[in-house]
>>> print(open('target_29.cif').read())   # mmCIF, C-alpha atoms and all ligand atoms
data_data
loop_
_atom_site.label_atom_id
_atom_site.label_comp_id
_atom_site.auth_asym_id
_atom_site.auth_seq_id
_atom_site.Cartn_x
_atom_site.Cartn_y
_atom_site.Cartn_z
CA MET A 9 2.28 9.22 20.57
CA PHE A 10 4.44 9.08 17.42
CA ASP A 11 6.14 12.27 18.52
CA GLU A 12 7.21 10.54 21.74
CA VAL A 13 8.79 7.49 20.14
CA SER A 14 10.34 9.21 17.12
CA PRO A 15 13.96 9.56 18.38
CA ARG A 16 14.44 5.83 19.04
CA TYR A 17 11.82 4.55 16.67
CA ASP A 18 14.15 2.76 14.25
CA LEU A 19 16.27 1.27 17.02
CA ILE A 20 13.16 -0.17 18.69
CA ASN A 21 12.05 -1.66 15.38
CA ASP A 22 15.40 -3.32 14.81
CA VAL A 23 15.38 -4.83 18.29
CA LEU A 24 11.77 -5.98 18.26
CA THR A 25 11.95 -7.58 14.85
CA VAL A 26 15.46 -8.88 15.41
CA GLY A 27 16.46 -7.22 12.17
CA ASN A 28 13.62 -8.59 10.06
CA ASP A 29 12.33 -5.06 9.47
CA ARG A 30 15.34 -4.46 7.23
CA LEU A 31 14.48 -7.44 5.06
CA TRP A 32 10.87 -6.31 4.85
CA ARG A 33 12.03 -2.91 3.68
CA ILE A 34 14.17 -4.43 0.96
CA ALA A 35 11.18 -6.45 -0.26
CA THR A 36 8.94 -3.37 -0.15
CA THR A 37 11.41 -1.25 -2.10
CA LYS A 38 11.72 -3.96 -4.71
CA ALA A 39 7.93 -4.13 -5.04
CA VAL A 40 7.72 -0.36 -5.61
CA GLY A 41 10.46 -0.51 -8.25
CA PRO A 42 11.93 2.98 -7.81
CA ARG A 43 13.90 4.41 -10.71
CA LYS A 44 15.73 7.63 -11.43
CA GLY A 45 13.29 10.37 -12.35
CA MET A 46 10.24 8.76 -10.78
CA ARG A 47 8.20 10.77 -8.28
CA ILE A 48 7.09 8.53 -5.43
CA LEU A 49 4.83 9.26 -2.49
CA ASP A 50 5.94 7.57 0.73
CA LEU A 51 2.91 8.01 2.92
CA ALA A 52 3.10 7.89 6.72
CA ALA A 53 6.83 8.05 6.13
CA GLY A 54 7.75 8.68 9.75
CA THR A 55 11.46 9.37 10.07
CA GLY A 56 12.01 8.64 6.39
CA THR A 57 13.76 5.27 6.62
CA SER A 58 11.51 3.82 3.93
CA SER A 59 11.90 7.01 1.86
CA ALA A 60 15.69 6.76 1.93
CA ALA A 61 15.53 3.21 0.57
CA LEU A 62 13.51 4.49 -2.41
CA ALA A 63 15.71 7.54 -2.94
CA ALA A 64 18.78 5.29 -3.01
CA HIS A 65 17.57 4.15 -6.44
CA GLY A 66 17.45 7.73 -7.73
CA ALA A 67 13.72 8.38 -7.28
CA ASN A 68 12.39 11.68 -5.99
CA VAL A 69 10.49 10.87 -2.82
CA VAL A 70 7.85 12.92 -1.06
CA ALA A 71 7.91 11.69 2.53
CA ALA A 72 4.51 12.63 3.92
CA ASP A 73 3.41 12.29 7.54
CA PHE A 74 1.18 14.13 9.97
CA SER A 75 3.46 13.81 13.00
CA GLU A 76 5.63 16.91 13.37
CA GLY A 77 7.95 14.94 15.66
CA MET A 78 8.54 12.24 13.05
CA LEU A 79 9.00 14.83 10.29
CA ALA A 80 11.49 16.84 12.36
CA GLU A 81 13.51 13.71 13.11
CA GLY A 82 13.39 12.72 9.44
CA ARG A 83 14.50 16.15 8.20
CA LYS A 84 17.42 16.03 10.61
CA ARG A 85 18.51 12.55 9.55
CA HIS A 86 18.20 13.10 5.81
CA ALA A 87 19.24 16.75 5.63
CA ASP A 88 21.85 16.00 2.97
CA ASN A 89 19.57 13.92 0.76
CA ALA A 90 18.17 16.24 -1.91
CA LEU A 91 15.90 13.51 -3.27
CA ILE A 92 13.71 13.40 -0.16
CA GLU A 93 11.21 16.13 0.62
CA PHE A 94 9.37 15.92 3.95
CA VAL A 95 5.81 17.22 3.78
CA HIS A 96 3.20 17.54 6.49
CA ALA A 97 0.13 15.73 5.20
CA ASP A 98 -2.88 13.82 6.43
CA ALA A 99 -3.24 10.53 4.54
CA THR A 100 -7.02 10.96 4.34
CA ALA A 101 -6.87 14.39 2.66
CA LEU A 102 -3.64 14.66 0.72
CA PRO A 103 -2.44 18.11 -0.34
CA PHE A 104 -1.37 16.84 -3.78
CA GLU A 105 -2.76 17.12 -7.31
CA ASP A 106 -4.53 14.26 -9.03
CA ASN A 107 -2.20 11.95 -11.02
CA SER A 108 0.90 13.66 -9.67
CA PHE A 109 2.94 10.59 -8.61
CA ASP A 110 4.33 7.62 -10.50
CA ALA A 111 3.78 5.38 -7.49
CA ALA A 112 2.74 5.53 -3.84
CA THR A 113 3.66 3.36 -0.91
CA ILE A 114 2.90 3.14 2.78
CA SER A 115 4.85 1.04 5.26
CA TYR A 116 3.34 0.16 8.62
CA GLY A 117 1.22 3.27 8.49
CA LEU A 118 -2.13 2.34 6.94
CA ARG A 119 -3.17 0.51 10.09
CA ASN A 120 -2.63 3.70 12.06
CA VAL A 121 -4.71 5.93 9.83
CA SER A 122 -8.13 6.73 11.28
CA ASP A 123 -9.89 5.98 7.99
CA PRO A 124 -7.67 3.57 5.99
CA ARG A 125 -10.12 3.27 3.11
CA ALA A 126 -10.09 7.04 2.65
CA ALA A 127 -6.28 6.87 2.53
CA LEU A 128 -6.46 4.19 -0.18
CA ALA A 129 -8.84 6.37 -2.20
CA GLU A 130 -6.43 9.28 -1.85
CA MET A 131 -3.49 7.15 -2.99
CA ARG A 132 -5.46 6.11 -6.03
CA ARG A 133 -6.32 9.74 -6.79
CA VAL A 134 -2.75 11.03 -6.69
CA VAL A 135 -1.12 8.16 -8.60
CA LYS A 136 -1.07 8.34 -12.39
CA PRO A 137 -2.94 5.77 -14.48
CA GLY A 138 -0.76 2.69 -14.78
CA GLY A 139 1.12 3.55 -11.58
CA ARG A 140 1.25 1.25 -8.61
CA VAL A 141 0.67 1.37 -4.90
CA VAL A 142 2.48 -0.89 -2.47
CA ILE A 143 1.42 -1.44 1.11
CA ALA A 144 3.60 -3.11 3.71
CA GLU A 145 1.62 -3.93 6.81
CA PHE A 146 1.49 -6.37 9.66
CA SER A 147 -0.89 -9.14 8.91
CA THR A 148 -2.20 -12.53 9.96
CA PRO A 149 0.12 -15.54 9.73
CA PRO A 150 -1.95 -18.21 7.98
CA SER A 151 -0.43 -20.99 10.09
CA ALA A 152 -1.76 -21.57 13.62
CA VAL A 153 1.70 -22.84 14.60
CA ILE A 154 3.05 -19.33 14.03
CA ARG A 155 -0.03 -17.41 15.19
CA GLY A 156 0.07 -18.75 18.78
CA PRO A 157 3.65 -17.84 19.73
CA TYR A 158 3.36 -14.62 17.73
CA ALA A 159 0.29 -13.54 19.73
CA PHE A 160 2.10 -14.33 22.99
CA TYR A 161 5.10 -12.29 21.91
CA GLY A 162 2.94 -9.36 20.86
CA ARG A 163 0.90 -9.29 24.05
CA HIS A 164 3.53 -9.99 26.68
CA VAL A 165 7.07 -9.60 25.40
CA LEU A 166 6.96 -6.76 22.90
CA PRO A 167 5.65 -3.98 25.19
CA ARG A 168 8.20 -4.91 27.87
CA ILE A 169 11.19 -4.79 25.54
CA ALA A 170 9.99 -1.55 23.95
CA GLY A 171 9.47 -0.05 27.42
CA ALA A 172 13.00 -1.01 28.45
CA ILE A 173 14.40 0.96 25.50
CA ASN A 174 12.09 3.93 25.88
CA ARG A 175 9.62 4.18 28.74
CA GLU A 176 7.06 6.15 26.73
CA ALA A 177 7.16 3.49 24.06
CA ALA A 178 5.62 0.77 26.24
CA ALA A 179 2.07 2.11 25.84
CA ALA A 180 2.66 2.80 22.17
CA TYR A 181 3.76 -0.75 21.54
CA GLN A 182 0.89 -2.18 23.52
CA TYR A 183 -1.35 -0.23 21.20
CA LEU A 184 0.68 -1.56 18.30
CA ASN A 185 -0.13 -5.11 19.24
CA GLU A 186 -3.83 -4.41 19.70
CA SER A 187 -4.02 -2.66 16.36
CA ILE A 188 -2.32 -5.58 14.64
CA GLU A 189 -4.75 -8.05 16.17
CA GLU A 190 -7.71 -6.03 14.94
CA TRP A 191 -6.33 -5.33 11.48
CA PRO A 192 -7.95 -7.07 8.49
CA ASP A 193 -6.19 -10.12 7.17
CA GLN A 194 -4.54 -10.37 3.74
CA GLU A 195 -7.69 -11.17 1.76
CA ALA A 196 -9.74 -8.45 3.43
CA LEU A 197 -7.12 -5.80 2.73
CA ALA A 198 -6.90 -6.98 -0.88
CA GLY A 199 -10.68 -6.45 -1.04
CA TRP A 200 -10.30 -2.88 0.20
CA LEU A 201 -7.77 -2.22 -2.55
CA ARG A 202 -10.18 -3.49 -5.19
CA GLU A 203 -12.98 -1.42 -3.69
CA ALA A 204 -10.74 1.65 -3.93
CA GLY A 205 -10.48 1.01 -7.68
CA PHE A 206 -7.10 -0.67 -7.96
CA GLU A 207 -6.67 -3.50 -10.42
CA ARG A 208 -4.31 -6.48 -10.59
CA VAL A 209 -4.36 -6.58 -6.79
CA ALA A 210 -2.05 -9.16 -5.25
CA TYR A 211 -0.18 -9.81 -2.05
CA ARG A 212 2.81 -11.69 -0.77
CA ASN A 213 3.50 -12.90 2.76
CA LEU A 214 6.80 -12.07 4.41
CA THR A 215 8.16 -14.00 7.40
CA PHE A 216 5.24 -16.42 7.57
CA GLY A 217 2.65 -13.68 7.06
CA ILE A 218 3.67 -11.55 10.03
CA VAL A 219 3.94 -8.88 7.36
CA ALA A 220 2.14 -8.84 4.02
CA LEU A 221 3.06 -6.80 0.97
CA HIS A 222 0.02 -5.76 -1.04
CA ARG A 223 0.08 -4.08 -4.40
CA GLY A 224 -2.39 -2.78 -6.93
CA PHE A 225 -2.32 -0.66 -10.07
CA VAL A 226 -4.31 2.41 -11.01
CA PRO A 227 -6.19 1.42 -14.16
CA ARG A 228 -4.96 2.99 -17.32
CA GLU A 229 -7.46 5.20 -19.08
CA ALA A 230 -10.27 3.06 -20.50
CA PRO A 231 -9.61 2.52 -24.22
CA ALA A 232 -11.63 4.82 -26.45
CA ALA A 233 -14.83 3.30 -27.72
CA PRO A 234 -14.58 2.21 -31.36
CA LYS A 235 -15.92 4.87 -33.70
CA PRO A 236 -19.51 4.10 -34.61
CA ALA A 237 -18.76 5.02 -38.22
CA ALA A 238 -16.41 2.07 -38.52
CA ALA A 239 -19.12 -0.30 -37.37
CA LYS A 240 -21.58 1.01 -39.95
CA LYS A 241 -19.25 0.83 -42.92
CA PRO A 242 -19.94 -2.70 -44.04
CA ALA A 243 -23.64 -1.91 -44.22
CA ALA A 244 -22.94 0.80 -46.77
CA LYS A 245 -21.37 -1.69 -49.12
CA LYS A 246 -23.37 -2.18 -52.25
CA PRO A 247 -24.42 -5.75 -52.73
CA ALA A 248 -22.78 -7.46 -55.62
CA ALA A 249 -24.97 -7.23 -58.67
CA LYS A 250 -25.45 -10.96 -59.13
CA LYS A 251 -26.27 -12.07 -55.64
CA PRO A 252 -29.48 -10.96 -54.04
CA ALA A 253 -28.82 -8.81 -51.02
CA ALA A 254 -31.14 -10.89 -48.90
CA ALA A 255 -28.73 -13.77 -49.08
CA LYS A 256 -26.25 -11.81 -47.07
CA LYS A 257 -26.51 -11.19 -43.41
CA PRO A 258 -27.33 -7.57 -42.91
CA ALA A 259 -24.36 -5.76 -41.50
CA ALA A 260 -26.61 -3.97 -39.07
CA ALA A 261 -27.02 -7.19 -37.16
CA LYS A 262 -23.41 -6.95 -36.22
CA LYS A 263 -23.03 -5.78 -32.66
CA PRO A 264 -20.99 -2.67 -32.32
CA ALA A 265 -18.06 -3.51 -30.13
CA ALA A 266 -18.85 -2.30 -26.68
CA ALA A 267 -16.36 0.04 -25.15
CA SER A 268 -14.39 -2.24 -22.95
CA THR A 269 -13.68 -0.56 -19.72
CA ALA A 270 -10.87 -1.61 -17.50
CA LYS A 271 -12.05 -4.13 -15.01
CA GLN A 272 -11.87 -2.40 -11.74
CA SER A 273 -13.47 -3.11 -8.45
CA GLU A 274 -14.92 -6.49 -9.00
CA ALA A 275 -14.19 -6.50 -5.34
CA LYS A 276 -15.11 -9.35 -3.27
CA LYS A 277 -16.30 -7.68 -0.18
CA PRO A 278 -13.70 -7.98 2.50
CA ALA A 279 -14.62 -10.40 5.17
CA ALA A 280 -14.01 -7.36 7.19
CA LYS A 281 -12.55 -7.64 10.47
CA LYS A 282 -12.65 -4.14 11.77
CA PRO A 283 -9.80 -1.90 10.84
CA ALA A 284 -7.48 -1.24 13.63
CA ALA A 285 -6.82 2.36 14.01
CA LYS A 286 -10.32 3.56 14.55
CA THR A 287 -9.47 6.74 16.21
CA SER A 288 -6.15 7.42 17.68
CA PRO A 289 -3.12 6.90 15.62
CA ALA A 290 -0.44 5.29 17.53
CA ALA A 291 2.77 3.64 17.12
CA LYS A 292 3.60 1.06 14.68
CA SER A 293 6.81 -0.49 14.35
CA ALA A 294 7.72 -3.90 14.15
CA PRO A 295 6.58 -6.71 16.14
CA ALA A 296 8.54 -9.73 15.86
CA THR A 297 8.35 -13.25 16.28
CA LYS A 298 11.58 -14.88 16.76
CA PRO A 299 13.41 -13.95 13.66
CA THR A 300 12.16 -16.98 11.97
CA SER A 301 14.40 -16.62 9.08
CA ALA A 302 15.54 -14.14 6.60
CA LYS A 303 13.63 -16.03 4.02
CA THR A 304 10.49 -14.52 2.60
CA GLU A 305 7.76 -16.82 1.52
CA ALA A 306 5.39 -16.21 -1.26
CA SER A 307 1.73 -16.87 -1.16
CA GLY A 308 -1.42 -15.51 -2.56
CA GLY A 309 -0.09 -13.34 -5.27
CA GLU A 310 2.65 -12.29 -7.57
CA GLN A 311 4.07 -8.96 -6.39
C1 LIG A 401 4.72 3.29 12.42
S1 LIG A 401 5.06 4.68 11.60
C2 LIG A 401 5.68 4.20 10.03
C3 LIG A 401 6.82 5.00 9.57
C4 LIG A 401 7.53 4.55 8.30
N1 LIG A 401 6.63 4.38 7.19
C5 LIG A 401 8.35 3.31 8.51
O1 LIG A 401 8.21 2.38 7.73
O2 LIG A 401 9.16 3.28 9.40
C6 LIG A 401 3.46 5.15 11.26
C7 LIG A 401 3.39 6.57 10.83
O3 LIG A 401 2.05 6.82 10.40
C8 LIG A 401 1.82 8.19 10.60
N2 LIG A 401 0.39 8.44 10.47
C9 LIG A 401 -0.63 7.89 11.16
N3 LIG A 401 -1.80 8.39 10.72
C10 LIG A 401 -1.52 9.25 9.72
C11 LIG A 401 -2.29 10.07 8.87
N4 LIG A 401 -3.63 10.11 8.95
N5 LIG A 401 -1.66 10.82 7.95
C12 LIG A 401 -0.30 10.81 7.84
N6 LIG A 401 0.49 10.05 8.63
C13 LIG A 401 -0.10 9.29 9.55
C14 LIG A 401 2.40 8.42 11.99
O4 LIG A 401 2.65 9.78 12.26
C15 LIG A 401 3.67 7.57 11.93
O5 LIG A 401 4.80 8.32 11.58
#
>>> encode(input="target_29.cif", output="structure tokens")
Amino acid sequence: MFDEVSPRYDLINDVLTVGNDRLWRIATTKAVGPRKGMRILDLAAGTGTSSAALAAHGANVVAADFSEGMLAEGRKRHADNALIEFVHADATALPFEDNSFDAATISYGLRNVSDPRAALAEMRRVVKPGGRVVIAEFSTPPSAVIRGPYAFYGRHVLPRIAGAINREAAAAYQYLNESIEEWPDQEALAGWLREAGFERVAYRNLTFGIVALHRGFVPREAPAAPKPAAAKKPAAKKPAAKKPAAAKKPAAAKKPAAASTAKQSEAKKPAAKKPAAKTSPAAKSAPATKPTSAKTEASGGEQ
């Protein structure tokens, strides 16, 4: 399905989101924080539009996707960009070493992956301790005033417009809408991130929550436990000659400082709606409400 829509994929997104997809990409790039010399995994990269935004800041980007059609289109478009490498990869079984990326991101792809929690676990595995993951995904507008018209647009308008641009795309975009409706809301996805072992998980709503940006960090190595010898030392002290030892609290009563491990998945369980893309991956792209406004609104987290 992705192979079929790949040639006009970005055009369809621009039309359906009335340009909001560009603003969402800017926010996503900012959340990833690409810098020269960083190695960043852009998962489900499609034609590489999101990868190019990261590479524009000097980062080396591995654009990974399992659709040969998307990869071929991406290689063609970004042939002269030495910072982007297109790699065929399944998000649930990545062909990369542990701790081999400074950051990982996935834009409008996680919902399409057959096992999104496996993809999160893989992202955590390949990102170095201290590195971040950023997920841009369609989500649930918290306000009912937005949810109603948005649902109407997704069910009735979006597949028709997409079909007018590219006939094959109509079915893909119908799937898109269904997958968005079934996708977990912001809190549930944040719970999945915590379950996968990310810490400092937070999210931010964009365009009234039509899209949400989630982020989490791979915990840094747990600090080494204090050396037991250090804890015993005071006990070895000889009591001062004048005072009876009994008057002093025995040093042994002191608790050795427990090795404090990084707080990881204190995960609230997600109030799991079912994940969307149970089996067949299909198109994403951008839905759109009326282009409400270019303004992004913050809620529920720092980013
Ligand atoms: C809607 S596109 C997103 C493309 C791009 N990230 C963007 O922002 O425009 C979703 C992509 O997810 C890819 N995809 C779906 N399941 C995947 C999987 N298990 N592994 C790798 N890529 C996958 C599809 O091939 C498709 O290119």
>>> axis_aligned_box(input="target_29.cif", around="ligand LIG 401 (chain A)", padding_each_side="5 Å", output="lines of an AutoDock Vina configuration file")
center_x = 2.8
center_y = 6.6
center_z = 9.8
size_x = 22.8
size_y = 18.4
size_z = 15.2
>>> residues_around(input="target_29.cif", residues="range 144-156 of chain A", least_positions_apart="2", cutoff="6 Å", atoms="only C-alpha atoms", output="VMD selection string")
chain A and resid 115 to 116 158 to 159 193 216 to 221
>>> atom_distance(input="target_29.cif", atom1="CA of Ser75 in chain A", atom2="atom C4 of ligand LIG 401 (chain A)")
11.2 Å
>>> atom_distance(input="target_29.cif", atom1="CA of Lys38 in chain A", atom2="CA of Arg212 in chain A")
12.4 Å
>>> closest_residue(input="target_29.cif", among="A:Phe94, A:Phe74, A:Tyr183, A:Phe206", to="ligand LIG 401 (chain A)", atoms="all atoms listed in the file")
A:Phe74
>>> closest_residue(input="target_29.cif", among="A:Ala63, A:Ala198, A:Ile48, A:Ala72", to="ligand LIG 401 (chain A)", atoms="only C-alpha atoms and all ligand atoms")
A:Ala72
>>> closest_residue(input="target_29.cif", among="A:Asn185, A:Asn174, A:Thr36, A:Ser58", to="ligand LIG 401 (chain A)", atoms="only C-alpha atoms and all ligand atoms")
A:Ser58
